[in-house]
Amino acid sequence: MTNTVSPEAPPAYVDVLDKKENVDDRIDDKSDAVVVDEKEVEEVLDLYVPLIMDPKIPYEPNPLTVRAVLVGIVLGALVNASNLYLGLKTGFTFPASIFGSIFGYGIVKILSKSKLPIIGGSFGPQENSIIQAAATGSGGIAGIFVGGIPAIYRLGAIDGTPKENFGAIITITLVCSFFGLFFVTPLRKFFVIRVARELKMLFPTPTAVALTIRSMHAGAAGARDAMSKLKALGLAFTLALFQRVASYYAIGILYDWHPFTWIHIWSHGTSWALNIESYGWFFEWTPAFIGSGMLIGMNSAISLFGGAVLSWGIIAPVLIHYGECIGKQVYPDDPYWDSYYTFASLSDLGKETPSPRYWLLWPGVLIMVATSIAELLVQYKVLAHAGKAVWKGMAGGLNQLTIKVRGHPNPWLADQADRYADNPDMVADPAKPEDQVPMWQWMLGLLVSIVVGILIFHYQWGVHPGLTILACLLGFLFSFLAIQIGAVTDQTPLTAASKASQLVFGAATSGHGFSIKHAQRINLVAGGLASGAADVGMSLTSDFRTGFLLSTPPRKQFYAQAMGTLISVFLAPGLFVLFTQAYPCILTGDDRKCAFGVPSVAAWAAVAQAVTDPSVSIPWSSGIFSIVMAIVCVLQVIVRHFYLVGEREWVRNWLPNWGAIALSFVLPNPVFTTASLFGALVAASWRKWKLSSFELYGYAVAAGFIAGEGLGGVIGAVLQIAGVSGDVYGTGVGCPGNEC
């Protein structure tokens, strides 16, 4: 499970991205917003063509500059570190695009004033998009290190430690990264150019990034606003960083607030409060998830919290009450704390009655998978377009080959290849032919990555070449799924993709004579390739969308993200080794006293066990509940897509977000949902108080909070290894058992 949190569109453009009617009424409602003329509003409304930029912006002959790539890689590295920390802790990762575009603007804007070669010179929006592309590349691929890879160690499916297996980890990262990068490149024209308008594939977050970059380069006023954003981001980043580091030494005061533990202490151990505490009902002052709540909006935040109430406030207690599930005492030998339990253990599956967390895992997974598949199927037109596009691309390639061999075209192939050009909804590609990624580059890269992947997976991980090819096919399929759904809903279903891949490989290895550990290793490694490639593919397509709006040459974007990705191939494994050395419980599965909840790791491991180990089964009641909930979710998708249209479309805003609810089922406790709801309430109040202020500072503050806490987590790992961490020199006062 790796969940990428995507923000809503920036507030200044919310109405533009959500609805296009009644423009004048909405502008009147925003009395404190920045005033724009009617011509600009009309131009902004068409977000399926490149944006009209400020005519005073100098021409950018080559936006792919050394300074842009280096700054983007450094900023992406910060996000990579943040994502590894936050992903291991919560299962969530965050895109680097907003952080990279705003922070990158400030840094390069200052550098541009220098007279030194390479460092100085004019700075425009296309170079800004190169910064965020490089940041996206170096900030990516953390997903496999918060899910499948540590799950391999947790299940004992590989010998040694991550440090000892560092070379093998780098090679699998290399394959996952560049396979996804190469195979998604030719899909740019299909998703961004050919079908975007007809299928309303707006790509909300990439579009928001492009609009933000354009606004920052809109003359003197835009520059002033951009520097204000940068200051807000820098301040939020610094505060979150210092708060996270300081909280290690007084975690029960500065980070985790446990009111039910306090009641237990005040009552001298005679209250019933620890029973509530045991289900994870406490508040965490986590800047990252307060920031994410500011980004995701009220609907998703309420759905997350509502899912937590349903799962950890109703279902889990009922399961415990009727003996369907059990908990484990955290302090069985301490009479004062012996009523404190954990209900999130995923150890000893198949050997004892499971915990509520294991029971809840399956409805969460099935809801995600069913909803994602339903979202894809209701957009059946995209599948039809894809088939036509593939055929016409093949026809065009064969026709070009015919011309080279015979000296003249094949009329039938030429006709098939030219049909798509007659589509009136197809917008013109602003990129010149020489600015496209050359076919030989992505085709050769794709072929090499597949061949290298087959060899690496066979000799290092014991995966049959046929299964590696299956993983590649699933990676392409899940990329298609992730891009299509993400472009419409702004929610990338990587969790659904990873779990679906595990189910497929569970079936593929069943009955073929593999040992349980070997089958689990194949399940996790091959599933990681499929979901990791889909993650990278979605990131590059998002960058292409941002570049399309800013008229950035896609070839330059591809190179920038490729360079950033190459850095992440070594950076992410190194950070993974750092965290696992500082916190061995990440790999051992000590659920009771670990600083990291590792929900994604536990979910990957549990699914792998369920599909490979005959002694591990899905509880019957959980399976029935999962099927019922999946049916409900699919029906909502159908009703929303086919019935809630036209004058009834407003009802969509009030429907629950089942993807968010499913995440609450999979999380080990509700603490992150409460923090996200708090952040969403802060954002809603801020907007209501002064919309223009939130438009200027809100998203920058949220991005700073997320990155700041993530870097604070990296510093915490270093302190842990150095033996000067909070558990040595700090206090656990205010925590259950004086431990948080």
# chains A, B, ... in the order shown; residues from 1 in each chain; ligands from 1
call {"tool": "select_by_dssp", "arguments": {"residues": "range 435-470 of chain A", "states": "alpha helix (DSSP H)", "output": "number ranges by chain"}}
result
A: 439-461, 465-470
call {"tool": "atom_distance", "arguments": {"atom1": "CA of Leu681 in chain A", "atom2": "CA of Gly291 in chain A"}}
result
11.0 Å
call {"tool": "residues_around", "arguments": {"residues": "Val733 in chain A", "least_positions_apart": "4", "cutoff": "9 Å", "atoms": "only C-alpha atoms", "output": "list in words"}}
result
Ala250, Ile251, Gly252, Ile253, Gly737, Asn738 and Glu739 of chain A
call {"tool": "closest_residue", "arguments": {"among": "A:Tyr279, A:Ile456, A:Gly156, A:Thr90", "to": "Ile169 in chain A", "atoms": "only C-alpha atoms"}}
result
A:Ile456
call {"tool": "atom_distance", "arguments": {"atom1": "CA of Tyr380 in chain A", "atom2": "CA of Val639 in chain A"}}
result
15.3 Å
call {"tool": "closest_residue", "arguments": {"among": "A:Ile265, A:Ile57, A:Leu524, A:Leu310", "to": "Tyr153 in chain A", "atoms": "only C-alpha atoms"}}
result
A:Leu524
call {"tool": "closest_residue", "arguments": {"among": "A:Ala608, A:Ile315, A:Leu376, A:Leu181", "to": "Arg357 in chain A", "atoms": "only C-alpha atoms"}}
result
A:Ile315
call {"tool": "select_by_dssp", "arguments": {"residues": "range 210-286 of chain A", "states": "strand (DSSP E)", "output": "list in words"}}
result
Asp256, Trp257, Phe283 and Glu284 of chain A
call {"tool": "residues_around", "arguments": {"residues": "Phe596 in chain A", "least_positions_apart": "4", "cutoff": "9 Å", "atoms": "only C-alpha atoms", "output": "list in words"}}
result
Tyr85, Leu86, Leu88, Lys89, Thr90, Tyr583, Cys585, Ile586 and Asp591 of chain A
call {"tool": "residues_around", "arguments": {"residues": "range 441-449 of chain A", "least_positions_apart": "2", "cutoff": "12 Å", "atoms": "only C-alpha atoms", "output": "JSON, numbers by chain"}}
result
{"A": [171, 172, 173, 174, 175, 176, 177, 178, 179, 180, 181, 182, 183, 184, 185, 186, 187, 436, 437, 438, 439, 451, 452, 453, 454, 455, 456, 457, 468, 469, 472, 476, 529, 533, 555, 558, 559, 562]}
call {"tool": "closest_atom_pairs", "arguments": {"of": "range 189-298 of chain A", "to": "range 665-673 of chain A", "cutoff": "9 Å", "atoms": "only C-alpha atoms", "output": "Markdown table"}}
result
| residue | atom | partner | partner_atom | distance |
| --- | --- | --- | --- | --- |
| A:Tyr279 | CA | A:Asn669 | CA | 6.6 |
| A:Gly280 | CA | A:Asn669 | CA | 5.0 |
| A:Trp281 | CA | A:Val671 | CA | 6.3 |
| A:Phe282 | CA | A:Val671 | CA | 6.1 |
| A:Phe283 | CA | A:Val671 | CA | 5.9 |
| A:Glu284 | CA | A:Val671 | CA | 6.5 |
| A:Thr286 | CA | A:Phe672 | CA | 8.2 |
| A:Phe289 | CA | A:Phe672 | CA | 6.5 |
| A:Ile290 | CA | A:Phe672 | CA | 8.7 |
| A:Gly293 | CA | A:Thr673 | CA | 8.6 |
call {"tool": "closest_atom_pairs", "arguments": {"of": "range 323-436 of chain A", "to": "range 618-627 of chain A", "cutoff": "9 Å", "atoms": "only C-alpha atoms", "output": "JSON lines"}}
result
{"residue": "A:Glu324", "atom": "CA", "partner": "A:Ser621", "partner_atom": "CA", "distance": 8.7}
{"residue": "A:Pro354", "atom": "CA", "partner": "A:Pro619", "partner_atom": "CA", "distance": 8.4}
{"residue": "A:Tyr358", "atom": "CA", "partner": "A:Ile618", "partner_atom": "CA", "distance": 8.5}
{"residue": "A:Trp359", "atom": "CA", "partner": "A:Ser622", "partner_atom": "CA", "distance": 5.6}
{"residue": "A:Leu360", "atom": "CA", "partner": "A:Ser622", "partner_atom": "CA", "distance": 7.1}
{"residue": "A:Leu361", "atom": "CA", "partner": "A:Ser622", "partner_atom": "CA", "distance": 8.7}
{"residue": "A:Trp362", "atom": "CA", "partner": "A:Ser626", "partner_atom": "CA", "distance": 6.3}
{"residue": "A:Pro363", "atom": "CA", "partner": "A:Ser626", "partner_atom": "CA", "distance": 4.0}
{"residue": "A:Gly364", "atom": "CA", "partner": "A:Ser626", "partner_atom": "CA", "distance": 7.6}
{"residue": "A:Val365", "atom": "CA", "partner": "A:Ser626", "partner_atom": "CA", "distance": 8.4}
{"residue": "A:Leu366", "atom": "CA", "partner": "A:Ser626", "partner_atom": "CA", "distance": 6.2}
{"residue": "A:Ile367", "atom": "CA", "partner": "A:Ser626", "partner_atom": "CA", "distance": 7.2}
call {"tool": "write_last_selection", "arguments": {"atoms": "N, CA and C atoms", "output": "CSV table (one decimal), in the first residue's frame"}}
result
chain,number,residue,atom,x,y,z
A,324,GLU,N,-14.4,-12.4,17.6
A,324,GLU,CA,-14.0,-12.7,16.2
A,324,GLU,C,-12.6,-12.3,16.0
A,354,PRO,N,-6.9,-13.7,14.5
A,354,PRO,CA,-6.3,-12.5,14.0
A,354,PRO,C,-6.8,-11.2,14.8
A,358,TYR,N,-6.1,-7.0,10.8
A,358,TYR,CA,-6.1,-8.0,9.7
A,358,TYR,C,-7.5,-8.2,9.1
A,359,TRP,N,-8.5,-8.2,10.0
A,359,TRP,CA,-9.9,-8.4,9.5
A,359,TRP,C,-10.2,-7.2,8.6
A,360,LEU,N,-9.8,-6.0,9.0
A,360,LEU,CA,-10.2,-4.7,8.3
A,360,LEU,C,-9.4,-4.6,7.0
A,361,LEU,N,-8.3,-5.2,6.9
A,361,LEU,CA,-7.4,-5.1,5.8
A,361,LEU,C,-8.1,-5.5,4.5
A,362,TRP,N,-8.9,-6.6,4.5
A,362,TRP,CA,-9.5,-7.1,3.3
A,362,TRP,C,-10.6,-6.2,2.8
A,363,PRO,N,-11.6,-5.7,3.6
A,363,PRO,CA,-12.5,-4.8,3.0
A,363,PRO,C,-11.8,-3.5,2.4
A,364,GLY,N,-10.8,-3.1,3.1
A,364,GLY,CA,-10.0,-1.9,2.6
A,364,GLY,C,-9.4,-2.2,1.2
A,365,VAL,N,-8.8,-3.4,1.1
A,365,VAL,CA,-8.2,-3.7,-0.2
A,365,VAL,C,-9.2,-3.9,-1.3
A,366,LEU,N,-10.3,-4.7,-1.0
A,366,LEU,CA,-11.2,-4.9,-2.0
A,366,LEU,C,-12.0,-3.7,-2.5
A,367,ILE,N,-12.3,-2.8,-1.5
A,367,ILE,CA,-12.9,-1.5,-1.9
A,367,ILE,C,-12.0,-0.7,-2.9
call {"tool": "atom_distance", "arguments": {"atom1": "CA of Ser551 in chain A", "atom2": "CA of Pro430 in chain A"}}
result
6.1 Å
call {"tool": "closest_residue", "arguments": {"among": "A:Val405, A:Ile302, A:Lys109, A:Gly137", "to": "Leu566 in chain A", "atoms": "only C-alpha atoms"}}
result
A:Gly137
